[in-house]
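**Q** Below you'll find final.pdb; it's PDB, C-alpha atoms, pLDDT in the B column.
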```
MODEL        1
ATOM      1  CA  MET A   1     135.513 110.182  95.329  1.00 77.00           C
ATOM      2  CA  PRO A   2     132.166 110.598  97.128  1.00 83.00           C
ATOM      3  CA  ILE A   3     129.028 111.327  95.193  1.00 84.00           C
ATOM      4  CA  GLU A   4     127.379 114.500  96.388  1.00 79.00           C
ATOM      5  CA  PHE A   5     123.677 115.027  96.008  1.00 77.00           C
ATOM      6  CA  GLN A   6     120.878 116.919  97.638  1.00 81.00           C
ATOM      7  CA  VAL A   7     117.631 115.292  98.649  1.00 73.00           C
ATOM      8  CA  GLY A   8     114.419 117.164  98.108  1.00 76.00           C
ATOM      9  CA  VAL A   9     112.429 118.666 100.928  1.00 78.00           C
ATOM     10  CA  ASP A  10     109.802 115.943 100.486  1.00 78.00           C
ATOM     11  CA  VAL A  11     112.368 113.157 100.902  1.00 80.00           C
ATOM     12  CA  ALA A  12     113.900 114.854 103.929  1.00 84.00           C
ATOM     13  CA  ASP A  13     110.417 115.157 105.475  1.00 85.00           C
ATOM     14  CA  ILE A  14     109.636 111.465 104.896  1.00 84.00           C
ATOM     15  CA  THR A  15     113.025 110.493 106.343  1.00 87.00           C
ATOM     16  CA  ARG A  16     112.460 112.615 109.456  1.00 89.00           C
ATOM     17  CA  CYS A  17     108.915 111.296 109.973  1.00 87.00           C
ATOM     18  CA  THR A  18     110.013 107.686 109.519  1.00 89.00           C
ATOM     19  CA  ALA A  19     112.882 108.068 111.986  1.00 93.00           C
ATOM     20  CA  GLU A  20     110.581 109.694 114.545  1.00 93.00           C
ATOM     21  CA  PHE A  21     107.998 106.937 114.074  1.00 91.00           C
ATOM     22  CA  ALA A  22     110.603 104.220 114.563  1.00 92.00           C
ATOM     23  CA  ARG A  23     112.049 105.935 117.650  1.00 94.00           C
ATOM     24  CA  ASP A  24     108.773 106.961 119.291  1.00 94.00           C
ATOM     25  CA  VAL A  25     106.422 104.124 118.310  1.00 91.00           C
ATOM     26  CA  VAL A  26     108.197 101.002 117.054  1.00 88.00           C
ATOM     27  CA  LEU A  27     111.180 100.753 119.390  1.00 88.00           C
ATOM     28  CA  PRO A  28     109.093 101.064 122.575  1.00 89.00           C
ATOM     29  CA  GLU A  29     107.028  98.079 121.344  1.00 86.00           C
ATOM     30  CA  GLU A  30     110.027  95.757 121.013  1.00 83.00           C
ATOM     31  CA  PRO A  31     109.668  94.303 124.536  1.00 84.00           C
ATOM     32  CA  ALA A  32     106.051  93.352 123.749  1.00 78.00           C
ATOM     33  CA  SER A  33     107.279  91.361 120.769  1.00 78.00           C
ATOM     34  CA  GLY A  34     110.019  89.417 122.487  1.00 76.00           C
ATOM     35  CA  GLY A  35     112.683  91.627 120.929  1.00 70.00           C
ATOM     36  CA  SER A  36     111.685  91.478 117.261  1.00 69.00           C
ATOM     37  CA  VAL A  37     108.728  93.439 115.953  1.00 64.00           C
ATOM     38  CA  HIS A  38     109.069  91.481 112.685  1.00 69.00           C
ATOM     39  CA  ASP A  39     107.703  88.341 114.351  1.00 74.00           C
ATOM     40  CA  GLY A  40     105.408  90.092 116.805  1.00 78.00           C
ATOM     41  CA  PRO A  41     101.933  88.875 117.682  1.00 85.00           C
ATOM     42  CA  ALA A  42      98.927  89.989 115.636  1.00 87.00           C
ATOM     43  CA  PRO A  43      97.668  92.559 118.203  1.00 89.00           C
ATOM     44  CA  LEU A  44     101.079  94.252 118.139  1.00 87.00           C
ATOM     45  CA  ARG A  45     101.099  94.263 114.346  1.00 86.00           C
ATOM     46  CA  ARG A  46      97.637  95.844 114.289  1.00 91.00           C
ATOM     47  CA  ARG A  47      98.704  98.542 116.795  1.00 89.00           C
ATOM     48  CA  LEU A  48     101.766  99.402 114.740  1.00 88.00           C
ATOM     49  CA  GLN A  49      99.827  99.437 111.475  1.00 89.00           C
ATOM     50  CA  GLU A  50      97.205 101.748 112.952  1.00 92.00           C
ATOM     51  CA  ALA A  51      99.907 104.019 114.352  1.00 92.00           C
ATOM     52  CA  ALA A  52     101.556 104.119 110.926  1.00 89.00           C
ATOM     53  CA  ARG A  53      98.243 105.102 109.327  1.00 89.00           C
ATOM     54  CA  ARG A  54      97.827 107.893 111.852  1.00 89.00           C
ATOM     55  CA  ALA A  55     101.385 109.074 111.178  1.00 86.00           C
ATOM     56  CA  ALA A  56     100.550 109.137 107.431  1.00 84.00           C
ATOM     57  CA  ILE A  57     104.089 108.198 106.449  1.00 80.00           C
ATOM     58  CA  ALA A  58     103.058 106.118 103.434  1.00 78.00           C
ATOM     59  CA  ARG A  59     100.630 108.834 102.353  1.00 80.00           C
ATOM     60  CA  ARG A  60     103.474 111.371 102.398  1.00 77.00           C
ATOM     61  CA  ALA A  61     105.668 109.073 100.314  1.00 76.00           C
ATOM     62  CA  VAL A  62     102.943 108.509  97.727  1.00 78.00           C
ATOM     63  CA  ARG A  63     102.201 112.230  97.547  1.00 80.00           C
ATOM     64  CA  ALA A  64     105.896 113.025  97.067  1.00 77.00           C
ATOM     65  CA  ALA A  65     106.241 110.387  94.332  1.00 77.00           C
ATOM     66  CA  ARG A  66     103.195 111.726  92.511  1.00 80.00           C
ATOM     67  CA  ASP A  67     104.513 115.264  92.767  1.00 78.00           C
ATOM     68  CA  ARG A  68     107.842 114.200  91.280  1.00 75.00           C
ATOM     69  CA  ALA A  69     106.089 112.288  88.490  1.00 76.00           C
ATOM     70  CA  GLY A  70     103.717 115.161  87.807  1.00 74.00           C
ATOM     71  CA  THR A  71     100.639 112.975  88.242  1.00 65.00           C
ATOM     72  CA  ARG A  72      99.028 114.855  91.046  1.00 56.00           C
TER      73      ARG A  72
ENDMDL
END
```
As a first step, turn the structure in this file into structure tokens.
**A**
Amino acid sequence: MPIEFQVGVDVADITRCTAEFARDVVLPEEPASGGSVHDGPAPLRRRLQEAARRAAIARRAVRAARDRAGTR
């Protein structure tokens, strides 16, 4: 029997943004890393980290967690 649940709007937004970031930013960088962005060179890592900051994905996740905890 499957468990049914609804995710909040904040979680759905973070999921969408993360998927878009992976598709639009991370995957195109794979050739520059030899096929694995996990072991990519430092310049690649810095580019991806800066792009992630600009995308504000972590900021959205923290904001959503604070909202759920009532600490905002």
**Q** Go through stretch 26-64 of chain A residue by residue and, counting only C-alpha atoms, keep those with an atom at most 10 Å from stretch 7-22 of chain A; for each kept residue give the shortest atom pair and its distance in Å to one decimal, ordered by chain and increasing number, as CSV.
**A**
```
residue,atom,partner,partner_atom,distance
A:Val26,CA,A:Ala22,CA,4.7
A:Leu27,CA,A:Ala22,CA,6.0
A:Pro28,CA,A:Ala22,CA,8.7
A:Glu29,CA,A:Ala22,CA,9.8
A:Leu48,CA,A:Phe21,CA,9.8
A:Ala51,CA,A:Phe21,CA,8.6
A:Ala52,CA,A:Phe21,CA,7.7
A:Ala55,CA,A:Phe21,CA,7.5
A:Ala56,CA,A:Cys17,CA,9.0
A:Ile57,CA,A:Ile14,CA,6.6
A:Ala58,CA,A:Ile14,CA,8.6
A:Arg59,CA,A:Ile14,CA,9.7
A:Arg60,CA,A:Ile14,CA,6.6
A:Ala61,CA,A:Ile14,CA,6.5
A:Arg63,CA,A:Asp10,CA,9.0
A:Ala64,CA,A:Asp10,CA,6.0
```
**Q** Would you compute an axis-aligned box for stretch 34-49 of chain A, covering every atom listed for it in the file with 4 Å of margin on each side, and report centre and edge lengths in Å to one decimal as JSON?
**A**
```
{"center_x": 105.2, "center_y": 93.9, "center_z": 117.0, "size_x": 23.0, "size_y": 19.1, "size_z": 19.0}
```
**Q** For A:Arg47, list every protein, DNA or RNA residue within 12 Å, evaluated using only C-alpha atoms, and leave out those in the same chain fewer than 4 positions away; present the list as a PyMOL selection string.
**A** chain A and resi 25-26+29+32-33+37+40-43+51-54
**Q** Report the distance between atom CA of A:Gln6 and atom CA of A:Arg66 in Å, rounded to one decimal place.
**A**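 Atom CA of A:Arg66 lies at a distance of 19.1 Å from atom CA of A:Gln6.
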**Q** So the first atom is atom CA of A:Ile3 and the second is atom CA of A:Asp67; what is the distance between them in Å, to one decimal place?
**A** 24.9 Å
**Q** What is the distance between atom CA of A:Asp39 and atom CA of A:Asp24, in Å to one decimal?
**A**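 A separation of 19.3 Å between them.
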**Q** Restore N, CA and C atoms in stretch 55-69 of chain A and list the result as a PDB file, in the frame of the given file.
**A**
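Saved to selection-v2.pdb:
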```
ATOM      1  N   ALA A  55     100.198 108.271 111.472  1.00 86.00           N
ATOM      2  CA  ALA A  55     101.385 109.074 111.178  1.00 86.00           C
ATOM      3  C   ALA A  55     101.430 109.485 109.707  1.00 86.00           C
ATOM      4  N   ALA A  56     100.678 108.807 108.861  1.00 84.00           N
ATOM      5  CA  ALA A  56     100.550 109.137 107.431  1.00 84.00           C
ATOM      6  C   ALA A  56     101.884 109.111 106.690  1.00 84.00           C
ATOM      7  N   ILE A  57     102.788 108.256 107.107  1.00 80.00           N
ATOM      8  CA  ILE A  57     104.089 108.198 106.449  1.00 80.00           C
ATOM      9  C   ILE A  57     103.950 107.711 105.015  1.00 80.00           C
ATOM     10  N   ALA A  58     103.226 106.641 104.794  1.00 78.00           N
ATOM     11  CA  ALA A  58     103.058 106.118 103.434  1.00 78.00           C
ATOM     12  C   ALA A  58     102.348 107.138 102.558  1.00 78.00           C
ATOM     13  N   ARG A  59     101.359 107.818 103.111  1.00 80.00           N
ATOM     14  CA  ARG A  59     100.630 108.834 102.353  1.00 80.00           C
ATOM     15  C   ARG A  59     101.576 109.944 101.883  1.00 80.00           C
ATOM     16  N   ARG A  60     102.498 110.346 102.767  1.00 77.00           N
ATOM     17  CA  ARG A  60     103.474 111.371 102.398  1.00 77.00           C
ATOM     18  C   ARG A  60     104.366 110.880 101.266  1.00 77.00           C
ATOM     19  N   ALA A  61     104.786 109.620 101.346  1.00 76.00           N
ATOM     20  CA  ALA A  61     105.668 109.073 100.314  1.00 76.00           C
ATOM     21  C   ALA A  61     104.956 109.010  98.968  1.00 76.00           C
ATOM     22  N   VAL A  62     103.708 108.581  98.976  1.00 78.00           N
ATOM     23  CA  VAL A  62     102.943 108.509  97.727  1.00 78.00           C
ATOM     24  C   VAL A  62     102.744 109.905  97.158  1.00 78.00           C
ATOM     25  N   ARG A  63     102.401 110.847  98.001  1.00 80.00           N
ATOM     26  CA  ARG A  63     102.201 112.230  97.547  1.00 80.00           C
ATOM     27  C   ARG A  63     103.490 112.777  96.925  1.00 80.00           C
ATOM     28  N   ALA A  64     104.615 112.531  97.585  1.00 77.00           N
ATOM     29  CA  ALA A  64     105.896 113.025  97.067  1.00 77.00           C
ATOM     30  C   ALA A  64     106.222 112.373  95.724  1.00 77.00           C
ATOM     31  N   ALA A  65     105.971 111.079  95.596  1.00 77.00           N
ATOM     32  CA  ALA A  65     106.241 110.387  94.332  1.00 77.00           C
ATOM     33  C   ALA A  65     105.359 110.924  93.218  1.00 77.00           C
ATOM     34  N   ARG A  66     104.101 111.164  93.521  1.00 80.00           N
ATOM     35  CA  ARG A  66     103.195 111.726  92.511  1.00 80.00           C
ATOM     36  C   ARG A  66     103.620 113.126  92.107  1.00 80.00           C
ATOM     37  N   ASP A  67     104.043 113.922  93.075  1.00 78.00           N
ATOM     38  CA  ASP A  67     104.513 115.264  92.767  1.00 78.00           C
ATOM     39  C   ASP A  67     105.714 115.218  91.828  1.00 78.00           C
ATOM     40  N   ARG A  68     106.659 114.307  92.122  1.00 75.00           N
ATOM     41  CA  ARG A  68     107.842 114.200  91.280  1.00 75.00           C
ATOM     42  C   ARG A  68     107.487 113.708  89.888  1.00 75.00           C
ATOM     43  N   ALA A  69     106.491 112.834  89.794  1.00 76.00           N
ATOM     44  CA  ALA A  69     106.089 112.288  88.490  1.00 76.00           C
ATOM     45  C   ALA A  69     105.145 113.221  87.744  1.00 76.00           C
TER      46      ALA A  69
END
```
